[in-house]
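As provided, start_1.txt (compact mmCIF, N, CA and C atoms) reads as follows.
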# COMPACT_ATOMS: atom_id res chain seq x y z
N MET A 1 276.33 -104.60 71.86
CA MET A 1 275.72 -104.55 70.59
C MET A 1 274.51 -103.63 70.61
N ASN A 2 273.85 -103.61 71.69
CA ASN A 2 272.68 -102.77 71.87
C ASN A 2 273.06 -101.30 71.77
N SER A 3 274.17 -100.94 72.35
CA SER A 3 274.61 -99.55 72.28
C SER A 3 275.01 -99.17 70.86
N ARG A 4 275.53 -100.13 70.13
CA ARG A 4 275.89 -99.86 68.75
C ARG A 4 274.64 -99.60 67.92
N ARG A 5 273.60 -100.39 68.12
CA ARG A 5 272.33 -100.21 67.41
C ARG A 5 271.72 -98.86 67.78
N GLU A 6 271.86 -98.51 69.05
CA GLU A 6 271.33 -97.23 69.52
C GLU A 6 272.05 -96.07 68.84
N ARG A 7 273.36 -96.20 68.66
CA ARG A 7 274.12 -95.16 68.00
C ARG A 7 273.70 -95.01 66.53
N ASN A 8 273.46 -96.15 65.87
CA ASN A 8 273.06 -96.11 64.46
C ASN A 8 271.69 -95.45 64.30
N THR A 9 270.76 -95.78 65.17
CA THR A 9 269.43 -95.16 65.09
C THR A 9 269.51 -93.69 65.45
N ARG A 10 270.35 -93.40 66.44
CA ARG A 10 270.51 -91.99 66.81
C ARG A 10 271.16 -91.21 65.66
N ALA A 11 272.14 -91.81 65.03
CA ALA A 11 272.79 -91.16 63.90
C ALA A 11 271.80 -90.96 62.76
N ALA A 12 270.92 -91.93 62.55
CA ALA A 12 269.92 -91.80 61.48
C ALA A 12 268.92 -90.70 61.81
N LEU A 13 268.55 -90.58 63.07
CA LEU A 13 267.58 -89.55 63.47
C LEU A 13 268.18 -88.16 63.39
N PHE A 14 269.40 -88.04 63.84
CA PHE A 14 270.01 -86.71 63.94
C PHE A 14 271.07 -86.48 62.87
N ASP A 15 270.93 -87.16 61.74
CA ASP A 15 271.89 -86.97 60.65
C ASP A 15 271.75 -85.55 60.12
N GLY A 16 272.83 -84.89 60.00
CA GLY A 16 272.82 -83.52 59.49
C GLY A 16 272.75 -82.49 60.59
N ILE A 17 272.53 -82.89 61.82
CA ILE A 17 272.48 -81.93 62.92
C ILE A 17 273.78 -82.05 63.71
N GLU A 18 274.46 -80.96 63.79
CA GLU A 18 275.69 -80.93 64.57
C GLU A 18 275.44 -80.14 65.84
N GLU A 19 276.41 -80.17 66.66
CA GLU A 19 276.30 -79.39 67.88
C GLU A 19 276.33 -77.91 67.54
N GLY A 20 275.33 -77.20 67.91
CA GLY A 20 275.27 -75.77 67.65
C GLY A 20 274.46 -75.43 66.42
N GLY A 21 273.86 -76.38 65.78
CA GLY A 21 273.04 -76.05 64.62
C GLY A 21 272.97 -77.16 63.61
N ILE A 22 272.41 -76.84 62.48
CA ILE A 22 272.21 -77.83 61.42
C ILE A 22 273.44 -77.84 60.52
N ARG A 23 273.88 -79.03 60.18
CA ARG A 23 275.00 -79.16 59.28
C ARG A 23 274.54 -78.78 57.86
N ALA A 24 275.35 -78.10 57.16
CA ALA A 24 274.97 -77.58 55.86
C ALA A 24 275.36 -78.54 54.73
N SER A 25 274.99 -79.76 54.84
CA SER A 25 275.41 -80.72 53.82
C SER A 25 274.39 -80.82 52.70
N SER A 26 273.35 -81.58 52.90
CA SER A 26 272.45 -81.88 51.79
C SER A 26 271.49 -80.73 51.49
N SER A 27 270.88 -80.13 52.50
CA SER A 27 269.89 -79.09 52.23
C SER A 27 270.54 -77.83 51.67
N TYR A 28 271.71 -77.48 52.15
CA TYR A 28 272.37 -76.28 51.66
C TYR A 28 272.88 -76.49 50.23
N SER A 29 273.35 -77.65 49.93
CA SER A 29 273.85 -77.89 48.58
C SER A 29 272.70 -77.87 47.57
N SER A 30 271.52 -78.34 47.98
CA SER A 30 270.38 -78.27 47.05
C SER A 30 269.95 -76.82 46.85
N ARG A 31 270.08 -76.02 47.88
CA ARG A 31 269.79 -74.60 47.73
C ARG A 31 270.79 -73.95 46.77
N GLU A 32 272.07 -74.33 46.93
CA GLU A 32 273.08 -73.79 46.02
C GLU A 32 272.80 -74.22 44.59
N ILE A 33 272.39 -75.44 44.42
CA ILE A 33 272.07 -75.93 43.08
C ILE A 33 270.88 -75.17 42.52
N ASP A 34 269.86 -74.95 43.35
CA ASP A 34 268.70 -74.19 42.90
C ASP A 34 269.09 -72.77 42.53
N GLU A 35 269.95 -72.15 43.33
CA GLU A 35 270.39 -70.79 43.02
C GLU A 35 271.21 -70.75 41.74
N GLN A 36 272.05 -71.76 41.54
CA GLN A 36 272.84 -71.81 40.31
C GLN A 36 271.92 -71.99 39.10
N GLU A 37 270.90 -72.85 39.24
CA GLU A 37 269.94 -73.02 38.14
C GLU A 37 269.18 -71.73 37.88
N ASN A 38 268.81 -71.04 38.95
CA ASN A 38 268.13 -69.75 38.79
C ASN A 38 269.03 -68.74 38.12
N ASP A 39 270.31 -68.71 38.51
CA ASP A 39 271.25 -67.78 37.87
C ASP A 39 271.40 -68.09 36.39
N ARG A 40 271.49 -69.38 36.06
CA ARG A 40 271.59 -69.75 34.64
C ARG A 40 270.32 -69.37 33.89
N ALA A 41 269.16 -69.57 34.51
CA ALA A 41 267.90 -69.19 33.88
C ALA A 41 267.82 -67.68 33.68
N ILE A 42 268.29 -66.92 34.68
CA ILE A 42 268.29 -65.46 34.58
C ILE A 42 269.23 -65.02 33.46
N ASP A 43 270.39 -65.65 33.37
CA ASP A 43 271.33 -65.32 32.29
C ASP A 43 270.71 -65.61 30.93
N GLY A 44 270.02 -66.76 30.84
CA GLY A 44 269.36 -67.10 29.58
C GLY A 44 268.28 -66.09 29.23
N LEU A 45 267.52 -65.66 30.23
CA LEU A 45 266.47 -64.66 29.99
C LEU A 45 267.08 -63.32 29.58
N GLN A 46 268.19 -62.95 30.21
CA GLN A 46 268.84 -61.70 29.84
C GLN A 46 269.33 -61.75 28.41
N ASP A 47 269.87 -62.91 28.00
CA ASP A 47 270.30 -63.05 26.61
C ASP A 47 269.12 -62.93 25.66
N ARG A 48 268.01 -63.55 26.00
CA ARG A 48 266.82 -63.48 25.15
C ARG A 48 266.27 -62.06 25.08
N VAL A 49 266.27 -61.37 26.21
CA VAL A 49 265.77 -60.00 26.23
C VAL A 49 266.66 -59.10 25.38
N SER A 50 267.97 -59.26 25.50
CA SER A 50 268.86 -58.43 24.68
C SER A 50 268.71 -58.76 23.20
N LEU A 51 268.48 -60.03 22.86
CA LEU A 51 268.24 -60.41 21.48
C LEU A 51 266.95 -59.78 20.96
N LEU A 52 265.91 -59.85 21.77
CA LEU A 52 264.64 -59.23 21.37
C LEU A 52 264.77 -57.72 21.24
N LYS A 53 265.56 -57.11 22.09
CA LYS A 53 265.78 -55.66 22.00
C LYS A 53 266.48 -55.31 20.70
N ARG A 54 267.51 -56.09 20.34
CA ARG A 54 268.20 -55.84 19.06
C ARG A 54 267.26 -56.06 17.88
N LEU A 55 266.46 -57.13 17.96
CA LEU A 55 265.53 -57.40 16.87
C LEU A 55 264.50 -56.30 16.72
N SER A 56 263.98 -55.81 17.85
CA SER A 56 262.99 -54.74 17.76
C SER A 56 263.63 -53.46 17.23
N GLY A 57 264.89 -53.21 17.56
CA GLY A 57 265.60 -52.06 16.99
C GLY A 57 265.77 -52.21 15.48
N ASP A 58 266.10 -53.42 15.04
CA ASP A 58 266.23 -53.66 13.60
C ASP A 58 264.90 -53.51 12.89
N VAL A 59 263.82 -53.99 13.51
CA VAL A 59 262.49 -53.85 12.92
C VAL A 59 262.13 -52.37 12.83
N HIS A 60 262.46 -51.61 13.86
CA HIS A 60 262.17 -50.17 13.86
C HIS A 60 262.90 -49.48 12.72
N GLU A 61 264.19 -49.80 12.53
CA GLU A 61 264.95 -49.19 11.44
C GLU A 61 264.35 -49.58 10.08
N GLU A 62 263.94 -50.83 9.95
CA GLU A 62 263.35 -51.29 8.69
C GLU A 62 262.03 -50.57 8.41
N VAL A 63 261.24 -50.39 9.44
CA VAL A 63 259.96 -49.67 9.28
C VAL A 63 260.20 -48.23 8.89
N GLU A 64 261.18 -47.60 9.52
CA GLU A 64 261.51 -46.21 9.16
C GLU A 64 261.95 -46.11 7.71
N ALA A 65 262.78 -47.07 7.26
CA ALA A 65 263.25 -47.06 5.87
C ALA A 65 262.07 -47.24 4.91
N HIS A 66 261.18 -48.17 5.23
CA HIS A 66 260.02 -48.39 4.36
C HIS A 66 259.09 -47.18 4.35
N ASN A 67 258.92 -46.54 5.49
CA ASN A 67 258.08 -45.34 5.53
C ASN A 67 258.64 -44.24 4.64
N SER A 68 259.96 -44.07 4.68
CA SER A 68 260.55 -43.02 3.84
C SER A 68 260.41 -43.37 2.36
N VAL A 69 260.57 -44.66 2.02
CA VAL A 69 260.38 -45.07 0.62
C VAL A 69 258.94 -44.83 0.19
N LEU A 70 257.99 -45.17 1.05
CA LEU A 70 256.58 -44.96 0.72
C LEU A 70 256.25 -43.47 0.60
N ASP A 71 256.85 -42.65 1.44
CA ASP A 71 256.62 -41.21 1.33
C ASP A 71 257.14 -40.67 0.00
N ARG A 72 258.35 -41.09 -0.38
CA ARG A 72 258.90 -40.65 -1.66
C ARG A 72 258.04 -41.14 -2.82
N MET A 73 257.58 -42.38 -2.74
CA MET A 73 256.74 -42.92 -3.80
C MET A 73 255.42 -42.17 -3.88
N GLY A 74 254.86 -41.82 -2.74
CA GLY A 74 253.63 -41.03 -2.74
C GLY A 74 253.82 -39.67 -3.37
N ASN A 75 254.96 -39.03 -3.06
CA ASN A 75 255.25 -37.73 -3.66
C ASN A 75 255.44 -37.85 -5.17
N ASP A 76 256.12 -38.92 -5.60
CA ASP A 76 256.31 -39.14 -7.04
C ASP A 76 254.97 -39.40 -7.74
N MET A 77 254.10 -40.14 -7.06
CA MET A 77 252.77 -40.40 -7.65
C MET A 77 251.97 -39.11 -7.77
N ASP A 78 252.07 -38.26 -6.78
CA ASP A 78 251.37 -36.96 -6.87
C ASP A 78 251.89 -36.13 -8.03
N ALA A 79 253.22 -36.14 -8.20
CA ALA A 79 253.81 -35.38 -9.31
C ALA A 79 253.38 -35.95 -10.66
N SER A 80 253.38 -37.28 -10.77
CA SER A 80 252.97 -37.89 -12.04
C SER A 80 251.48 -37.68 -12.30
N ARG A 81 250.69 -37.64 -11.24
CA ARG A 81 249.26 -37.37 -11.40
C ARG A 81 249.05 -35.96 -11.97
N GLY A 82 249.85 -35.02 -11.51
CA GLY A 82 249.77 -33.65 -12.03
C GLY A 82 250.15 -33.59 -13.50
N VAL A 83 251.22 -34.29 -13.87
CA VAL A 83 251.64 -34.31 -15.27
C VAL A 83 250.58 -34.99 -16.13
N LEU A 84 250.03 -36.09 -15.64
CA LEU A 84 249.02 -36.83 -16.39
C LEU A 84 247.75 -36.00 -16.58
N SER A 85 247.36 -35.29 -15.55
CA SER A 85 246.14 -34.46 -15.70
C SER A 85 246.38 -33.34 -16.72
N GLY A 86 247.60 -32.78 -16.72
CA GLY A 86 247.92 -31.76 -17.73
C GLY A 86 247.89 -32.34 -19.13
N THR A 87 248.40 -33.55 -19.29
CA THR A 87 248.39 -34.21 -20.60
C THR A 87 246.96 -34.51 -21.04
N MET A 88 246.14 -34.95 -20.09
CA MET A 88 244.75 -35.25 -20.43
C MET A 88 244.00 -33.98 -20.84
N ASP A 89 244.31 -32.88 -20.19
CA ASP A 89 243.69 -31.61 -20.59
C ASP A 89 244.07 -31.24 -22.02
N LYS A 90 245.33 -31.48 -22.37
CA LYS A 90 245.77 -31.19 -23.74
C LYS A 90 245.07 -32.11 -24.74
N PHE A 91 244.91 -33.39 -24.37
CA PHE A 91 244.19 -34.31 -25.25
C PHE A 91 242.75 -33.87 -25.44
N LYS A 92 242.14 -33.41 -24.37
CA LYS A 92 240.74 -32.95 -24.49
C LYS A 92 240.66 -31.79 -25.47
N MET A 93 241.62 -30.89 -25.38
CA MET A 93 241.61 -29.75 -26.30
C MET A 93 241.78 -30.21 -27.74
N VAL A 94 242.66 -31.20 -27.95
CA VAL A 94 242.88 -31.70 -29.31
C VAL A 94 241.62 -32.39 -29.83
N PHE A 95 240.99 -33.21 -29.00
CA PHE A 95 239.83 -33.96 -29.45
C PHE A 95 238.58 -33.09 -29.59
N GLU A 96 238.56 -31.97 -28.91
CA GLU A 96 237.41 -31.08 -29.04
C GLU A 96 237.40 -30.36 -30.39
N THR A 97 238.58 -30.20 -30.96
CA THR A 97 238.60 -29.62 -32.31
C THR A 97 238.02 -30.65 -33.26
N LYS A 98 237.23 -30.24 -34.18
CA LYS A 98 236.49 -31.16 -35.05
C LYS A 98 237.32 -31.62 -36.25
N SER A 99 238.56 -31.38 -36.21
CA SER A 99 239.39 -31.76 -37.34
C SER A 99 239.72 -33.25 -37.24
N SER A 100 239.15 -34.03 -38.12
CA SER A 100 239.39 -35.47 -38.09
C SER A 100 240.78 -35.81 -38.61
N ARG A 101 241.30 -34.98 -39.48
CA ARG A 101 242.64 -35.23 -40.02
C ARG A 101 243.70 -35.08 -38.92
N ASN A 102 243.56 -34.08 -38.08
CA ASN A 102 244.50 -33.89 -36.97
C ASN A 102 244.38 -35.05 -35.97
N MET A 103 243.18 -35.49 -35.73
CA MET A 103 242.98 -36.58 -34.78
C MET A 103 243.59 -37.87 -35.34
N PHE A 104 243.38 -38.14 -36.61
CA PHE A 104 243.96 -39.34 -37.22
C PHE A 104 245.48 -39.29 -37.17
N THR A 105 246.04 -38.16 -37.45
CA THR A 105 247.50 -38.00 -37.41
C THR A 105 248.03 -38.22 -36.00
N LEU A 106 247.33 -37.70 -35.03
CA LEU A 106 247.74 -37.85 -33.64
C LEU A 106 247.67 -39.31 -33.21
N VAL A 107 246.59 -40.00 -33.52
CA VAL A 107 246.44 -41.41 -33.15
C VAL A 107 247.50 -42.25 -33.85
N ALA A 108 247.72 -42.01 -35.12
CA ALA A 108 248.74 -42.76 -35.87
C ALA A 108 250.11 -42.52 -35.27
N LEU A 109 250.40 -41.30 -34.88
CA LEU A 109 251.69 -40.97 -34.28
C LEU A 109 251.90 -41.74 -32.97
N PHE A 110 250.87 -41.79 -32.14
CA PHE A 110 250.97 -42.52 -30.87
C PHE A 110 251.15 -44.01 -31.11
N VAL A 111 250.46 -44.57 -32.08
CA VAL A 111 250.60 -46.00 -32.37
C VAL A 111 252.02 -46.29 -32.85
N VAL A 112 252.56 -45.46 -33.71
CA VAL A 112 253.92 -45.65 -34.21
C VAL A 112 254.92 -45.53 -33.07
N ILE A 113 254.78 -44.56 -32.23
CA ILE A 113 255.70 -44.38 -31.09
C ILE A 113 255.61 -45.58 -30.16
N PHE A 114 254.39 -46.05 -29.90
CA PHE A 114 254.21 -47.22 -29.04
C PHE A 114 254.90 -48.44 -29.64
N LEU A 115 254.75 -48.66 -30.92
CA LEU A 115 255.38 -49.81 -31.57
C LEU A 115 256.90 -49.71 -31.56
N ILE A 116 257.41 -48.52 -31.76
CA ILE A 116 258.87 -48.34 -31.71
C ILE A 116 259.41 -48.63 -30.31
N ILE A 117 258.74 -48.11 -29.32
CA ILE A 117 259.18 -48.36 -27.93
C ILE A 117 259.04 -49.84 -27.60
N TYR A 118 257.98 -50.45 -28.07
CA TYR A 118 257.77 -51.88 -27.81
C TYR A 118 258.89 -52.73 -28.42
N TYR A 119 259.28 -52.46 -29.65
CA TYR A 119 260.33 -53.24 -30.27
C TYR A 119 261.72 -52.92 -29.71
N LEU A 120 261.92 -51.72 -29.25
CA LEU A 120 263.22 -51.37 -28.64
C LEU A 120 263.40 -52.03 -27.26
N THR A 121 262.34 -52.14 -26.51
CA THR A 121 262.45 -52.72 -25.18
C THR A 121 262.42 -54.24 -25.20
N ARG A 122 262.00 -54.82 -26.31
CA ARG A 122 261.94 -56.26 -26.41
C ARG A 122 263.25 -56.80 -26.76
Write the structure described by the file as structure tokens, please.
Amino acid sequence: MNSRRERNTRAALFDGIEEGGIRASSSYSSREIDEQENDRAIDGLQDRVSLLKRLSGDVHEEVEAHNSVLDRMGNDMDASRGVLSGTMDKFKMVFETKSSRNMFTLVALFVVIFLIIYYLTR
């Protein structure tokens, strides 16, 4: 019985050690599990990186589209500013003439046109 107890204690002490080296049971399997978890984490990170890359590409395209719209709008505003300044110059010339009858006719014409446009768009 004593030899049996000795074998059990010896087996407990040298569990996992085989002749010629360490048995690859518990410690190696935990390493494999850790490597598998690392591989899964790396795959998850690669998926996230590719998603972020696609998103940043989409944001870049959206920014480019908005920049072109803003450029066109700026050019249109410059053109309308030129037209408006020309119209204002013409108004100045009309108002500088001292003819009150012409001024009254012009103001009445603008009011009538404004009212017509207002009722047509309503």
Report the distance between atom CA of A:Met103 and atom C of A:Phe91 in Å, rounded to one decimal place.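 Value for the atom CA of A:Met103-atom C of A:Phe91 distance: 9.7 Å.
Rounded to one decimal, atom CA of A:Lys53 and atom CA of A:Glu35 lie 26.3 Å from each other.
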For atom CA of A:Ala65 and atom N of A:Ser85, the interatomic separation in Å (one decimal):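 According to the coordinates, atom CA of A:Ala65 and atom N of A:Ser85 are separated by 29.2 Å.
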Is it possible to get the axis-aligned box enclosing stretch 66-84 of chain A (all listed atoms, 4 Å extra per side) as lines of an AutoDock Vina configuration file, with centre and edge lengths in Å rounded to one decimal?
center_x = 254.5
center_y = -41.0
center_z = -5.5
size_x = 21.4
size_y = 22.8
size_z = 30.1
